[in-house]
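Participant: Quick one, final38.tsv (TSV, C-alpha atoms and all ligand atoms):
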chain	number	residue	atom	x	y	z
A	150	MET	CA	20.14	-11.74	-13.15
A	151	ALA	CA	18.91	-8.36	-11.85
A	152	GLY	CA	15.20	-7.62	-12.16
A	153	ILE	CA	14.01	-5.03	-14.65
A	154	ARG	CA	11.39	-2.42	-13.79
A	155	LEU	CA	9.38	-0.06	-15.94
A	156	VAL	CA	8.57	3.25	-14.28
A	157	LEU	CA	5.67	5.10	-15.90
A	158	ALA	CA	5.33	8.66	-14.61
A	159	ILE	CA	2.58	11.10	-15.63
A	160	VAL	CA	3.93	14.60	-15.06
A	161	GLN	CA	3.03	18.15	-15.98
A	162	GLU	CA	4.55	19.45	-19.20
A	163	LYS	CA	6.31	22.22	-17.23
A	164	ASP	CA	8.32	19.60	-15.29
A	165	ALA	CA	8.96	17.07	-18.06
A	166	GLY	CA	12.04	18.70	-19.63
A	167	ARG	CA	13.78	19.15	-16.28
A	168	LEU	CA	13.00	15.54	-15.33
A	169	ILE	CA	14.39	14.13	-18.60
A	170	ASP	CA	17.53	16.29	-18.19
A	171	ALA	CA	18.08	15.05	-14.63
A	172	LEU	CA	17.60	11.38	-15.58
A	173	THR	CA	19.94	11.75	-18.56
A	174	GLU	CA	22.60	13.38	-16.35
A	175	ASP	CA	22.37	10.32	-14.08
A	176	GLY	CA	22.93	8.06	-17.11
A	177	ILE	CA	19.35	6.80	-17.13
A	178	GLN	CA	17.50	6.45	-20.44
A	179	ALA	CA	13.93	7.69	-20.69
A	180	THR	CA	11.20	8.19	-23.28
A	181	MET	CA	8.73	11.06	-23.19
A	182	LEU	CA	5.24	10.61	-24.66
A	183	ALA	CA	2.77	13.45	-25.19
A	184	SER	CA	-0.42	12.59	-23.29
A	185	THR	CA	-3.69	14.20	-22.24
A	186	GLY	CA	-5.31	14.14	-18.79
A	187	GLY	CA	-8.80	12.66	-18.82
A	188	PHE	CA	-10.21	15.18	-16.34
A	189	LEU	CA	-8.66	18.50	-17.41
A	190	ARG	CA	-8.25	17.44	-21.06
A	191	GLU	CA	-4.93	19.28	-21.07
A	192	GLY	CA	-1.57	18.14	-22.27
A	193	ASN	CA	0.71	16.34	-19.84
A	194	SER	CA	3.73	14.10	-20.37
A	195	THR	CA	4.13	10.40	-19.76
A	196	ILE	CA	7.72	9.39	-19.06
A	197	LEU	CA	8.80	5.76	-19.54
A	198	VAL	CA	11.95	4.66	-17.75
A	199	GLY	CA	13.36	1.12	-18.04
A	200	ILE	CA	15.79	0.37	-15.22
A	201	GLU	CA	17.35	-2.32	-13.08
A	202	ASP	CA	15.95	-2.88	-9.57
A	203	HIS	CA	18.83	-1.14	-7.82
A	204	GLN	CA	18.17	2.13	-9.72
A	205	LEU	CA	14.54	2.42	-8.60
A	206	THR	CA	15.12	4.44	-5.41
A	207	GLN	CA	17.25	6.97	-7.28
A	208	VAL	CA	14.74	7.33	-10.13
A	209	LEU	CA	11.82	7.86	-7.75
A	210	ALA	CA	13.83	10.49	-5.83
A	211	THR	CA	14.64	12.31	-9.09
A	212	ILE	CA	10.96	12.33	-10.11
A	213	GLN	CA	9.98	13.67	-6.69
A	214	LYS	CA	12.65	16.39	-6.86
A	215	CYS	CA	11.72	17.59	-10.36
A	216	CYS	CA	7.90	17.49	-10.26
A	217	HIS	CA	5.82	19.98	-8.32
A	218	ARG	CA	2.18	20.17	-7.32
A	219	ARG	CA	0.33	23.16	-8.75
A	220	GLU	CA	-3.12	24.59	-8.27
A	221	GLN	CA	-5.25	24.99	-11.34
A	222	TYR	CA	-8.76	26.32	-11.90
A	223	VAL	CA	-11.14	24.48	-14.18
A	224	SER	CA	-14.57	25.65	-15.38
A	225	PRO	CA	-17.05	22.75	-15.32
A	226	MET	CA	-18.96	22.24	-18.58
A	227	PRO	CA	-22.73	23.03	-18.35
A	228	PRO	CA	-24.90	19.90	-18.34
A	229	ALA	CA	-26.24	19.08	-21.81
A	230	VAL	CA	-29.89	19.07	-20.63
A	231	GLU	CA	-29.90	22.64	-19.15
A	232	PRO	CA	-30.32	25.77	-21.31
A	233	VAL	CA	-26.81	27.25	-21.47
A	234	ASP	CA	-27.87	30.81	-20.49
A	235	SER	CA	-29.55	29.61	-17.25
A	236	TYR	CA	-26.43	27.86	-16.01
A	237	VAL	CA	-23.69	29.78	-14.19
A	238	THR	CA	-20.34	28.01	-13.84
A	239	TYR	CA	-17.80	28.80	-11.15
A	240	PRO	CA	-14.19	27.79	-11.63
A	241	VAL	CA	-13.23	24.86	-9.40
A	242	LYS	CA	-9.76	24.59	-7.90
A	243	VAL	CA	-7.87	21.31	-8.42
A	244	GLU	CA	-4.33	20.34	-7.41
A	245	VAL	CA	-2.35	18.73	-10.23
A	246	GLY	CA	0.84	16.66	-9.99
A	247	GLY	CA	3.71	16.55	-8.97
A	248	ALA	CA	3.75	13.06	-10.54
A	249	ILE	CA	1.53	10.00	-10.76
A	250	VAL	CA	3.93	7.06	-10.80
A	251	PHE	CA	3.34	3.40	-11.63
A	252	VAL	CA	6.17	0.89	-11.12
A	253	MET	CA	5.93	-2.39	-13.03
A	254	GLN	CA	7.94	-5.59	-12.98
A	255	VAL	CA	9.20	-6.36	-16.49
A	256	GLU	CA	9.33	-10.00	-17.55
A	257	ARG	CA	11.90	-9.45	-20.27
A	258	MET	CA	13.67	-6.63	-22.09
A	259	GLU	CA	15.51	-6.97	-25.38
A	260	ARG	CA	17.56	-4.51	-27.37
A	261	PHE	CA	17.83	-5.61	-31.03
B	1	LIG	P1	-6.23	14.80	-15.27
B	1	LIG	O1	-7.10	13.60	-15.44
B	1	LIG	O2	-6.43	15.91	-16.23
B	1	LIG	O3	-6.48	15.34	-13.77
B	1	LIG	C1	-5.89	16.53	-13.33
B	1	LIG	C2	-6.18	16.76	-11.85
B	1	LIG	O4	-7.60	16.96	-11.66
B	1	LIG	C3	-5.82	15.56	-10.95
B	1	LIG	O5	-4.46	15.69	-10.58
B	1	LIG	C4	-6.80	15.69	-9.79
B	1	LIG	O6	-6.30	16.60	-8.81
B	1	LIG	C5	-8.02	16.35	-10.44
B	1	LIG	N1	-9.04	15.37	-10.77
B	1	LIG	C6	-8.96	14.31	-11.60
B	1	LIG	N2	-10.13	13.66	-11.70
B	1	LIG	C7	-11.00	14.32	-10.90
B	1	LIG	C8	-12.39	14.16	-10.55
B	1	LIG	N3	-13.13	13.15	-11.08
B	1	LIG	N4	-12.93	15.04	-9.67
B	1	LIG	C9	-12.21	16.05	-9.15
B	1	LIG	N5	-10.90	16.27	-9.44
B	1	LIG	C10	-10.30	15.42	-10.29
B	1	LIG	P2	-3.56	14.40	-10.39
B	1	LIG	O7	-4.27	13.40	-9.50
B	1	LIG	O8	-2.22	14.88	-9.92
B	1	LIG	O9	-3.42	13.72	-11.83
B	1	LIG	C11	-2.64	14.31	-12.86
B	1	LIG	C12	-2.80	13.52	-14.15
B	1	LIG	O10	-2.28	12.20	-13.94
B	1	LIG	C13	-4.25	13.30	-14.56
B	1	LIG	O11	-4.70	14.40	-15.32
B	1	LIG	C14	-4.16	12.02	-15.41
B	1	LIG	O12	-3.64	12.32	-16.71
B	1	LIG	C15	-3.07	11.23	-14.67
B	1	LIG	N6	-3.61	10.28	-13.70
B	1	LIG	C16	-3.92	10.50	-12.41
B	1	LIG	N7	-4.33	9.38	-11.81
B	1	LIG	C17	-4.30	8.42	-12.74
B	1	LIG	C18	-4.61	7.02	-12.75
B	1	LIG	N8	-5.05	6.37	-11.63
B	1	LIG	N9	-4.46	6.32	-13.90
B	1	LIG	C19	-4.03	6.94	-15.02
B	1	LIG	N10	-3.71	8.25	-15.09
B	1	LIG	C20	-3.83	8.98	-13.97
In structure tokens, what does this structure look like?
Ligand code: 2BA

Facilitator:
Amino acid sequence: MAGIRLVLAIVQEKDAGRLIDALTEDGIQATMLASTGGFLREGNSTILVGIEDHQLTQVLATIQKCCHRREQYVSPMPPAVEPVDSYVTYPVKVEVGGAIVFVMQVERMERF
């Protein structure tokens, strides 16, 4: 029996719709969850894709094609101990995405 994999991809919201469309066109089922990045505290999307082993290369290529790195500026929060008016914050540049991807071996999948 072929092995089952779960691909979990954290992508930017701007790329999520295009990625789901591309997977669906290839006949691959996916689930999109609304998620929030721990560092930026902004919305991103977590895409779950259950596939057979032989589809993994194609799915990873589709994720890579649809998800782009972007620069974003974030203003650090002032430290709680400093008086707010004595603390000047400068926006810091971070690169976000294209996609953070985890691939997991699935022991069993059932459809009831
Ligand atoms: P965020 O946690 O909001 O992080 C957004 C971007 O900020 C990151 O982009 C990274 O470039 C930067 N960043 C994160 N933590 C930082 C820190 N302590 N200092 C400086 N810069 C920092 P990506 O690495 O592309 O990550 C995009 C999103 O993917 C993350 O959003 C988070 O939701 C998720 N993610 C990334 N690595 C993860 C991991 N190992 N486990 C779970 N989720 C992860």

Participant: Would you list the contacts of Gln221 of chain A as a PyMOL selection string, taking every protein, DNA or RNA residue within 9 Å and counting only C-alpha atoms, but skipping same-chain residues closer than 3 positions in sequence?

Facilitator: chain A and resi 241-245

Participant: Distance limit 12 Å, reference ligand LIG 1 (chain B), atoms considered: all atoms listed in the file. Which residues make the cut? Give them as a PyMOL selection string.

Facilitator: chain A and resi 157-162+183-196+216-225+241-251

Participant: Take the residues just selected and output them with C-alpha atoms as a PDB file, in the coordinates of the input.

Facilitator:
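And here's out-v8.pdb as it stands now:
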ATOM      1  CA  LEU A 157       5.670   5.100 -15.900  1.00  0.00           C
ATOM      2  CA  ALA A 158       5.330   8.660 -14.610  1.00  0.00           C
ATOM      3  CA  ILE A 159       2.580  11.100 -15.630  1.00  0.00           C
ATOM      4  CA  VAL A 160       3.930  14.600 -15.060  1.00  0.00           C
ATOM      5  CA  GLN A 161       3.030  18.150 -15.980  1.00  0.00           C
ATOM      6  CA  GLU A 162       4.550  19.450 -19.200  1.00  0.00           C
ATOM      7  CA  ALA A 183       2.770  13.450 -25.190  1.00  0.00           C
ATOM      8  CA  SER A 184      -0.420  12.590 -23.290  1.00  0.00           C
ATOM      9  CA  THR A 185      -3.690  14.200 -22.240  1.00  0.00           C
ATOM     10  CA  GLY A 186      -5.310  14.140 -18.790  1.00  0.00           C
ATOM     11  CA  GLY A 187      -8.800  12.660 -18.820  1.00  0.00           C
ATOM     12  CA  PHE A 188     -10.210  15.180 -16.340  1.00  0.00           C
ATOM     13  CA  LEU A 189      -8.660  18.500 -17.410  1.00  0.00           C
ATOM     14  CA  ARG A 190      -8.250  17.440 -21.060  1.00  0.00           C
ATOM     15  CA  GLU A 191      -4.930  19.280 -21.070  1.00  0.00           C
ATOM     16  CA  GLY A 192      -1.570  18.140 -22.270  1.00  0.00           C
ATOM     17  CA  ASN A 193       0.710  16.340 -19.840  1.00  0.00           C
ATOM     18  CA  SER A 194       3.730  14.100 -20.370  1.00  0.00           C
ATOM     19  CA  THR A 195       4.130  10.400 -19.760  1.00  0.00           C
ATOM     20  CA  ILE A 196       7.720   9.390 -19.060  1.00  0.00           C
ATOM     21  CA  CYS A 216       7.900  17.490 -10.260  1.00  0.00           C
ATOM     22  CA  HIS A 217       5.820  19.980  -8.320  1.00  0.00           C
ATOM     23  CA  ARG A 218       2.180  20.170  -7.320  1.00  0.00           C
ATOM     24  CA  ARG A 219       0.330  23.160  -8.750  1.00  0.00           C
ATOM     25  CA  GLU A 220      -3.120  24.590  -8.270  1.00  0.00           C
ATOM     26  CA  GLN A 221      -5.250  24.990 -11.340  1.00  0.00           C
ATOM     27  CA  TYR A 222      -8.760  26.320 -11.900  1.00  0.00           C
ATOM     28  CA  VAL A 223     -11.140  24.480 -14.180  1.00  0.00           C
ATOM     29  CA  SER A 224     -14.570  25.650 -15.380  1.00  0.00           C
ATOM     30  CA  PRO A 225     -17.050  22.750 -15.320  1.00  0.00           C
ATOM     31  CA  VAL A 241     -13.230  24.860  -9.400  1.00  0.00           C
ATOM     32  CA  LYS A 242      -9.760  24.590  -7.900  1.00  0.00           C
ATOM     33  CA  VAL A 243      -7.870  21.310  -8.420  1.00  0.00           C
ATOM     34  CA  GLU A 244      -4.330  20.340  -7.410  1.00  0.00           C
ATOM     35  CA  VAL A 245      -2.350  18.730 -10.230  1.00  0.00           C
ATOM     36  CA  GLY A 246       0.840  16.660  -9.990  1.00  0.00           C
ATOM     37  CA  GLY A 247       3.710  16.550  -8.970  1.00  0.00           C
ATOM     38  CA  ALA A 248       3.750  13.060 -10.540  1.00  0.00           C
ATOM     39  CA  ILE A 249       1.530  10.000 -10.760  1.00  0.00           C
ATOM     40  CA  VAL A 250       3.930   7.060 -10.800  1.00  0.00           C
ATOM     41  CA  PHE A 251       3.340   3.400 -11.630  1.00  0.00           C
TER      42      PHE A 251
END

Participant: Which residue out of A:Ala151, A:Ala171, A:Met253, A:Met258 has the minimum interatomic distance to Glu201 of chain A when all atoms listed in the file are used?

Facilitator: A:Ala151

Participant: Expressed in Å to a single decimal, how great is the separation between atom CA of Arg167 of chain A and atom CA of Ile153 of chain A?

Facilitator: 24.2 Å

Participant: Using all atoms listed in the file, give me every residue within 12 Å of (16.3, 13.4, -17.7) in file coordinates, as a list in words.

Facilitator: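 So the residues meeting the distance criterion are Asp164, Ala165, Gly166, Arg167, Leu168, Ile169, Asp170, Ala171, Leu172, Thr173, Glu174, Asp175, Gly176, Ile177, Gln178, Ala179, Thr180, Met181, Ile196, Leu197, Val198, Val208, Thr211, Ile212, Lys214, Cys215 and Cys216 of chain A.
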
Participant: Could you please take those selected residues and save C-alpha atoms as a short mmCIF file (atom, residue, chain, number, x, y, z; two decimals), in the frame of the given file?

Facilitator:
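That gives us part30.cif:
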data_model
loop_
_atom_site.label_atom_id
_atom_site.label_comp_id
_atom_site.auth_asym_id
_atom_site.auth_seq_id
_atom_site.Cartn_x
_atom_site.Cartn_y
_atom_site.Cartn_z
CA ASP A 164 8.32 19.60 -15.29
CA ALA A 165 8.96 17.07 -18.06
CA GLY A 166 12.04 18.70 -19.63
CA ARG A 167 13.78 19.15 -16.28
CA LEU A 168 13.00 15.54 -15.33
CA ILE A 169 14.39 14.13 -18.60
CA ASP A 170 17.53 16.29 -18.19
CA ALA A 171 18.08 15.05 -14.63
CA LEU A 172 17.60 11.38 -15.58
CA THR A 173 19.94 11.75 -18.56
CA GLU A 174 22.60 13.38 -16.35
CA ASP A 175 22.37 10.32 -14.08
CA GLY A 176 22.93 8.06 -17.11
CA ILE A 177 19.35 6.80 -17.13
CA GLN A 178 17.50 6.45 -20.44
CA ALA A 179 13.93 7.69 -20.69
CA THR A 180 11.20 8.19 -23.28
CA MET A 181 8.73 11.06 -23.19
CA ILE A 196 7.72 9.39 -19.06
CA LEU A 197 8.80 5.76 -19.54
CA VAL A 198 11.95 4.66 -17.75
CA VAL A 208 14.74 7.33 -10.13
CA THR A 211 14.64 12.31 -9.09
CA ILE A 212 10.96 12.33 -10.11
CA LYS A 214 12.65 16.39 -6.86
CA CYS A 215 11.72 17.59 -10.36
CA CYS A 216 7.90 17.49 -10.26
#

Participant: Excluding Val252 of chain A and its own-chain neighbours fewer than 3 positions away, which residues fall within 8 Å of it when counting all atoms listed in the file? Please give them as a list of chain:residue names.

Facilitator: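 Listed by chain and then number, they are A:Arg154, A:Leu155, A:Val156, A:Leu157.
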
Participant: Would you put the residues from that selection into a file with C-alpha atoms, as a JSON list (two decimals), keeping the file's coordinate frame?

Facilitator:
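Output (out.json):
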[["chain", "number", "residue", "atom", "x", "y", "z"],
["A", 154, "ARG", "CA", 11.39, -2.42, -13.79],
["A", 155, "LEU", "CA", 9.38, -0.06, -15.94],
["A", 156, "VAL", "CA", 8.57, 3.25, -14.28],
["A", 157, "LEU", "CA", 5.67, 5.10, -15.90]]

Participant: Enter the distance from atom CA of Gln254 of chain A to atom CA of His203 of chain A, in Å, rounded to one decimal.

Facilitator: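 It comes out at 12.8 Å.
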
Participant: Residues at most 12 Å from Glu259 of chain A, counting only C-alpha atoms, excluding those fewer than 3 positions away in the same chain, as a PDB file with C-alpha atoms, keeping the file's coordinate frame?

Facilitator:
ATOM      1  CA  ILE A 153      14.010  -5.030 -14.650  1.00  0.00           C
ATOM      2  CA  GLY A 199      13.360   1.120 -18.040  1.00  0.00           C
ATOM      3  CA  VAL A 255       9.200  -6.360 -16.490  1.00  0.00           C
ATOM      4  CA  GLU A 256       9.330 -10.000 -17.550  1.00  0.00           C
TER       5      GLU A 256
END

Participant: Do you have the atom CA of Thr238 of chain A-atom CA of Lys163 of chain A distance handy?

Facilitator: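 So the two atoms, atom CA of Thr238 of chain A and atom CA of Lys163 of chain A, lie 27.5 Å apart.
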